[in-house]
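> Would you mind keeping the following structure in view while I ask a few things?
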Amino acid sequence: MNTALAPARTLRIGNIELDAPVVLAPMAGITNTAFRRLCREYGAGLYVSEMITTRALVERNDTTMRLIRHHESETPRSIQLYGVDPATVEAAVRMIVDEDHADHIDLNFGCPVPKVTRRGGGAALPWKTSLFREIVERAVRAAGDKPLTVKMRKGIDADHLTYLEAGRIAEGAGVASIALHARTASEFYSGHADWSAITKLKETVTSVPVLGNGDIWSADDAARMMAETGCDGVVVGRGCLGRPWLFGDLARALGQPGAAHGEPVDATLGFVAKAFRRHAELLVEFFDDEGRGCRDIRKHVAWYFKGYPVGGELRASLATASTLDEIDELLATMELDAPYPGAAAEGQRGRAGTPKRPALPDGWLDSREIGDAAGRELAEAELHHSGG
């Protein structure tokens, strides 16, 4: 696909102007400071934190307070919040603003994970129209001059779509942009994203940028999404797993002409091994613990070396290494001059899952409104930990 189909442009989200219309999607256990820094080294855009639970934030949970920290090189700083209680969400936003923890705040209304939706959060929440409106309005007011955005899905399932109404409510509340993952919660990450829904949302929401998310595995996919849907930018999640340099490709394809985003990557095995090693090093720095950093990089082994001539025994050894020296020794045994394998290294990454009935609170679909008693139950049911 010809990436020239996508017009070169910047993206303005409130008072933040990005060199490329690209956002890194929050991913639990992935988009910590280490991964965000690595992606930023290759490209341009907005790099969002892991999902932070508002209750854990206002209670100053130790893990949560570590997750919201940004490296001095990260600018603009972005935090995504999850919550189901308007007062708690408002308090969390106000805390971020008052203590200057971020330059941009995103609200999660798209998570399909059962432990989130069964509490009425994530992709389940926009079904309760008044609750959604109250959360967004109070959060926007608390954010003040800092841009506050929302990310959502099409709805709970094909019979309970919420995205167009939620888009209108969010726009009316004064959000700075709206991102749509073009699947329902019931689809999880299976099948193909319905990009036509992004088109419909863009036609419905006209005063703020609309960003598209779903099935962007390459810069060509991003260019095609923007050309087909008219969206103002893209949100990239699983497509960058094991490929942080994708953000360089995206910046070159979608960013401003002449912007300094580096040269196109020749992704030999040696190049990939170097990126993997850099990721491990940044994780060690993030955790301030070599053993923990080396354990965390293990989940990335299959993604980085997808399609490359790296045997099962070597992969298994990388997935048990406990020091950077061990990782260096193992990487040195690879055929580092092996060329990019093409299609074998491309396409879907991460678990797609299978369509399933979403886990929801009892009686959740009976009404679009939520009573006082149910609201109190939601507040008590909020997650106490962050990271999805």
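Simple scheme: letters A, B, ... for chains in structure tokens order, numbers from 1 for residues in each chain, numbers from 1 for ligands in the order shown.
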Using DSSP on the backbone, list every residue of range 56-271 of chain A that comes out as strand (DSSP E), and give them as a ChimeraX atom specification.
/A:78-82,104-109,148-153,155-157,160-161,178-181,210-213,233-236
> For a test of reading the model, state the distance in Å between CA of Glu72 in chain A and CA of Thr323 in chain A, rounded to one decimal.
25.6 Å
> Quick one: residues within 10 Å of range 170-179 of chain A, only C-alpha atoms counted, chain neighbours fewer than 2 positions away excluded, as a count of residues only?
58
> What is the CA of Val116 in chain A to CA of Tyr304 in chain A distance in Å?
28.8 Å
> For range 46-140 of chain A versus range 285-290 of chain A, which residues have an atom no more than 12 Å away, and what is each residue's nearest atom pair and distance in Å rounded to one decimal, using only C-alpha atoms, chain-then-number order, as a Markdown table?

```
| residue | atom | partner | partner_atom | distance |
| --- | --- | --- | --- | --- |
| A:Thr63 | CA | A:Phe287 | CA | 10.9 |
| A:Arg66 | CA | A:Phe287 | CA | 9.2 |
| A:Leu67 | CA | A:Phe286 | CA | 9.6 |
| A:Ile68 | CA | A:Phe286 | CA | 11.8 |
| A:Arg69 | CA | A:Phe286 | CA | 9.8 |
| A:His70 | CA | A:Phe286 | CA | 9.8 |
| A:His71 | CA | A:Phe286 | CA | 9.0 |
```
> Store the residues picked out above in a file with N, CA, C and O atoms, as a compact mmCIF listing (two decimals), in the first residue's frame.

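Final output, result.txt:
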```txt
# COMPACT_ATOMS: atom_id res chain seq x y z
N THR A 63 3.14 0.94 44.04
CA THR A 63 3.35 0.51 42.65
C THR A 63 2.80 1.53 41.68
O THR A 63 3.43 1.86 40.67
N ARG A 66 4.95 4.57 41.30
CA ARG A 66 6.12 4.30 40.45
C ARG A 66 5.73 4.29 38.98
O ARG A 66 6.47 4.79 38.13
N LEU A 67 4.54 3.75 38.67
CA LEU A 67 4.11 3.66 37.28
C LEU A 67 3.84 5.02 36.65
O LEU A 67 3.93 5.18 35.43
N ILE A 68 3.47 6.02 37.46
CA ILE A 68 3.17 7.33 36.87
C ILE A 68 4.41 8.19 36.71
O ILE A 68 4.34 9.28 36.12
N ARG A 69 5.56 7.72 37.19
CA ARG A 69 6.79 8.50 37.02
C ARG A 69 7.26 8.45 35.58
O ARG A 69 7.20 7.42 34.92
N HIS A 70 7.76 9.57 35.11
CA HIS A 70 8.30 9.67 33.76
C HIS A 70 9.79 9.99 33.82
O HIS A 70 10.24 10.72 34.72
N HIS A 71 10.53 9.49 32.86
CA HIS A 71 11.93 9.84 32.74
C HIS A 71 12.03 11.28 32.26
O HIS A 71 11.13 11.79 31.58
```
> Please identify all polymer residues within 9 Å of Arg277 in chain A, counting only C-alpha atoms, omitting same-chain residues fewer than 4 positions from it, and present them as a list of chain:residue names.
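Neighbouring residues, sequence-local ones excluded: A:Val272, A:Ala273, A:Glu281, A:Leu282, A:Leu324, A:Ile327, A:Asp328, A:Leu331.
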> Extract, using only C-alpha atoms, all DNA, RNA and protein residues at most 12 Å from Ile52 in chain A, discarding same-chain residues fewer than 3 positions from it, and format them as a ChimeraX atom specification.
/A:26-29,31-32,48-49,55-58,60-61,63-69,78-83,89,92-93,96,105-108,382-388
> Near Ser190 in chain A, counting only C-alpha atoms, which residues have an atom at most 6 Å away, once you skip same-chain residues fewer than 5 positions from it, shown as a list in words?
Ala352, Gly353 and Thr354 of chain A
> Write out, as a PDB file, in the first residue's frame, the residues just selected, with N, CA and C atoms.

```
ATOM      1  N   ALA A 352      -4.783 -12.568  20.229  1.00  0.00           N
ATOM      2  CA  ALA A 352      -6.030 -12.005  19.705  1.00  0.00           C
ATOM      3  C   ALA A 352      -7.221 -12.401  20.572  1.00  0.00           C
ATOM      4  N   GLY A 353      -7.144 -13.562  21.194  1.00  0.00           N
ATOM      5  CA  GLY A 353      -8.285 -14.057  21.964  1.00  0.00           C
ATOM      6  C   GLY A 353      -9.411 -14.507  21.033  1.00  0.00           C
ATOM      7  N   THR A 354     -10.509 -14.872  21.612  1.00  0.00           N
ATOM      8  CA  THR A 354     -11.681 -15.294  20.842  1.00  0.00           C
ATOM      9  C   THR A 354     -12.893 -14.514  21.315  1.00  0.00           C
TER      10      THR A 354
END
```
> Take CA of Phe188 in chain A and CA of Arg118 in chain A and report the distance between them in Å, one decimal.
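It comes out at 14.3 Å.
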> Which residues are near Glu187 in chain A? Cut-off 12 Å, only C-alpha atoms, ignore same chain within fewer than 2 positions. Put them as a ChimeraX atom specification.
/A:110-113,123,153-158,181-185,189-194,214,352-358
> I need the residues from that last selection saved to file as a short mmCIF file (atom, residue, chain, number, x, y, z; two decimals), in the first residue's frame (with N, CA and C atoms), if you can.

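Contents of again.cif, freshly written:
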```
data_model
loop_
_atom_site.label_atom_id
_atom_site.label_comp_id
_atom_site.auth_asym_id
_atom_site.auth_seq_id
_atom_site.Cartn_x
_atom_site.Cartn_y
_atom_site.Cartn_z
N GLY A 110 -12.21 1.63 27.07
CA GLY A 110 -12.08 0.64 26.01
C GLY A 110 -11.57 -0.71 26.45
N CYS A 111 -11.15 -0.84 27.70
CA CYS A 111 -10.57 -2.11 28.14
C CYS A 111 -11.62 -3.22 28.14
N PRO A 112 -11.36 -4.38 27.49
CA PRO A 112 -12.32 -5.48 27.45
C PRO A 112 -12.04 -6.58 28.46
N VAL A 113 -11.00 -6.39 29.28
CA VAL A 113 -10.57 -7.45 30.20
C VAL A 113 -11.66 -7.71 31.24
N ALA A 123 -14.78 -0.85 28.64
CA ALA A 123 -15.72 -0.80 27.53
C ALA A 123 -17.17 -0.94 27.97
N ARG A 153 -14.26 1.77 22.91
CA ARG A 153 -14.56 0.76 21.89
C ARG A 153 -15.93 1.05 21.29
N LYS A 154 -16.31 0.24 20.31
CA LYS A 154 -17.62 0.43 19.66
C LYS A 154 -18.75 0.25 20.66
N GLY A 155 -18.54 -0.64 21.61
CA GLY A 155 -19.59 -0.92 22.58
C GLY A 155 -19.32 -2.24 23.26
N ILE A 156 -20.36 -2.77 23.88
CA ILE A 156 -20.22 -4.03 24.60
C ILE A 156 -20.25 -5.21 23.65
N ASP A 157 -21.23 -5.22 22.76
CA ASP A 157 -21.32 -6.22 21.70
C ASP A 157 -22.12 -5.60 20.57
N ALA A 158 -22.39 -6.38 19.52
CA ALA A 158 -23.06 -5.83 18.34
C ALA A 158 -24.46 -5.31 18.64
N HIS A 181 -11.12 2.26 19.36
CA HIS A 181 -10.71 0.92 18.94
C HIS A 181 -11.93 0.29 18.28
N ALA A 182 -11.82 0.00 17.02
CA ALA A 182 -12.98 -0.36 16.22
C ALA A 182 -13.39 -1.83 16.38
N ARG A 183 -13.50 -2.25 17.62
CA ARG A 183 -14.06 -3.55 17.97
C ARG A 183 -14.97 -3.35 19.18
N THR A 184 -15.83 -4.32 19.43
CA THR A 184 -16.61 -4.33 20.66
C THR A 184 -15.84 -5.08 21.74
N ALA A 185 -16.30 -4.95 22.97
CA ALA A 185 -15.67 -5.69 24.07
C ALA A 185 -15.78 -7.19 23.84
N TYR A 189 -9.78 -9.00 20.89
CA TYR A 189 -8.89 -8.56 19.81
C TYR A 189 -9.00 -9.48 18.60
N SER A 190 -10.09 -10.23 18.51
CA SER A 190 -10.25 -11.21 17.46
C SER A 190 -10.77 -10.58 16.17
N GLY A 191 -10.71 -11.36 15.10
CA GLY A 191 -11.26 -10.91 13.83
C GLY A 191 -10.58 -9.67 13.30
N HIS A 192 -11.35 -8.88 12.56
CA HIS A 192 -10.82 -7.66 11.96
C HIS A 192 -11.52 -6.44 12.53
N ALA A 193 -10.75 -5.41 12.81
CA ALA A 193 -11.33 -4.16 13.30
C ALA A 193 -12.24 -3.57 12.22
N ASP A 194 -13.34 -3.00 12.66
CA ASP A 194 -14.33 -2.41 11.76
C ASP A 194 -14.00 -0.93 11.53
N GLY A 214 -6.80 -0.15 15.84
CA GLY A 214 -7.21 -1.50 15.50
C GLY A 214 -6.59 -1.98 14.21
N ALA A 352 -4.78 -12.57 20.23
CA ALA A 352 -6.03 -12.00 19.71
C ALA A 352 -7.22 -12.40 20.57
N GLY A 353 -7.14 -13.56 21.19
CA GLY A 353 -8.28 -14.06 21.96
C GLY A 353 -9.41 -14.51 21.03
N THR A 354 -10.51 -14.87 21.61
CA THR A 354 -11.68 -15.29 20.84
C THR A 354 -12.89 -14.51 21.32
N PRO A 355 -13.89 -14.35 20.44
CA PRO A 355 -15.09 -13.64 20.87
C PRO A 355 -15.71 -14.33 22.08
N LYS A 356 -16.18 -13.54 23.01
CA LYS A 356 -16.78 -14.12 24.22
C LYS A 356 -17.78 -13.13 24.79
N ARG A 357 -18.70 -13.65 25.56
CA ARG A 357 -19.66 -12.78 26.21
C ARG A 357 -18.96 -11.98 27.30
N PRO A 358 -19.03 -10.67 27.26
CA PRO A 358 -18.32 -9.86 28.26
C PRO A 358 -18.83 -10.11 29.67
#
```
> Apply DSSP to the backbone of this structure and, from range 79-315 of chain A, keep only the residues in helix (DSSP H, G or I); write these as a ChimeraX atom specification.
/A:86-98,114-117,122-127,129-143,163-173,185-187,195-204,219-229,238-240,246-254,269-287,290-304,312-315
> Rank A:Leu269, A:Leu283, A:Leu360, A:Leu254 by their smallest atom-to-atom distance to Ala338 in chain A, using only C-alpha atoms, and report the top residue only.
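Selected residue with least distance to Ala338 in chain A: A:Leu269.
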> So, with only C-alpha atoms as the atoms that count, which of A:Val22, A:Ala345, A:Val301, A:Ala316 lies closest to Phe276 in chain A?
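That would be A:Val301, the residue with the smallest distance to Phe276 in chain A.
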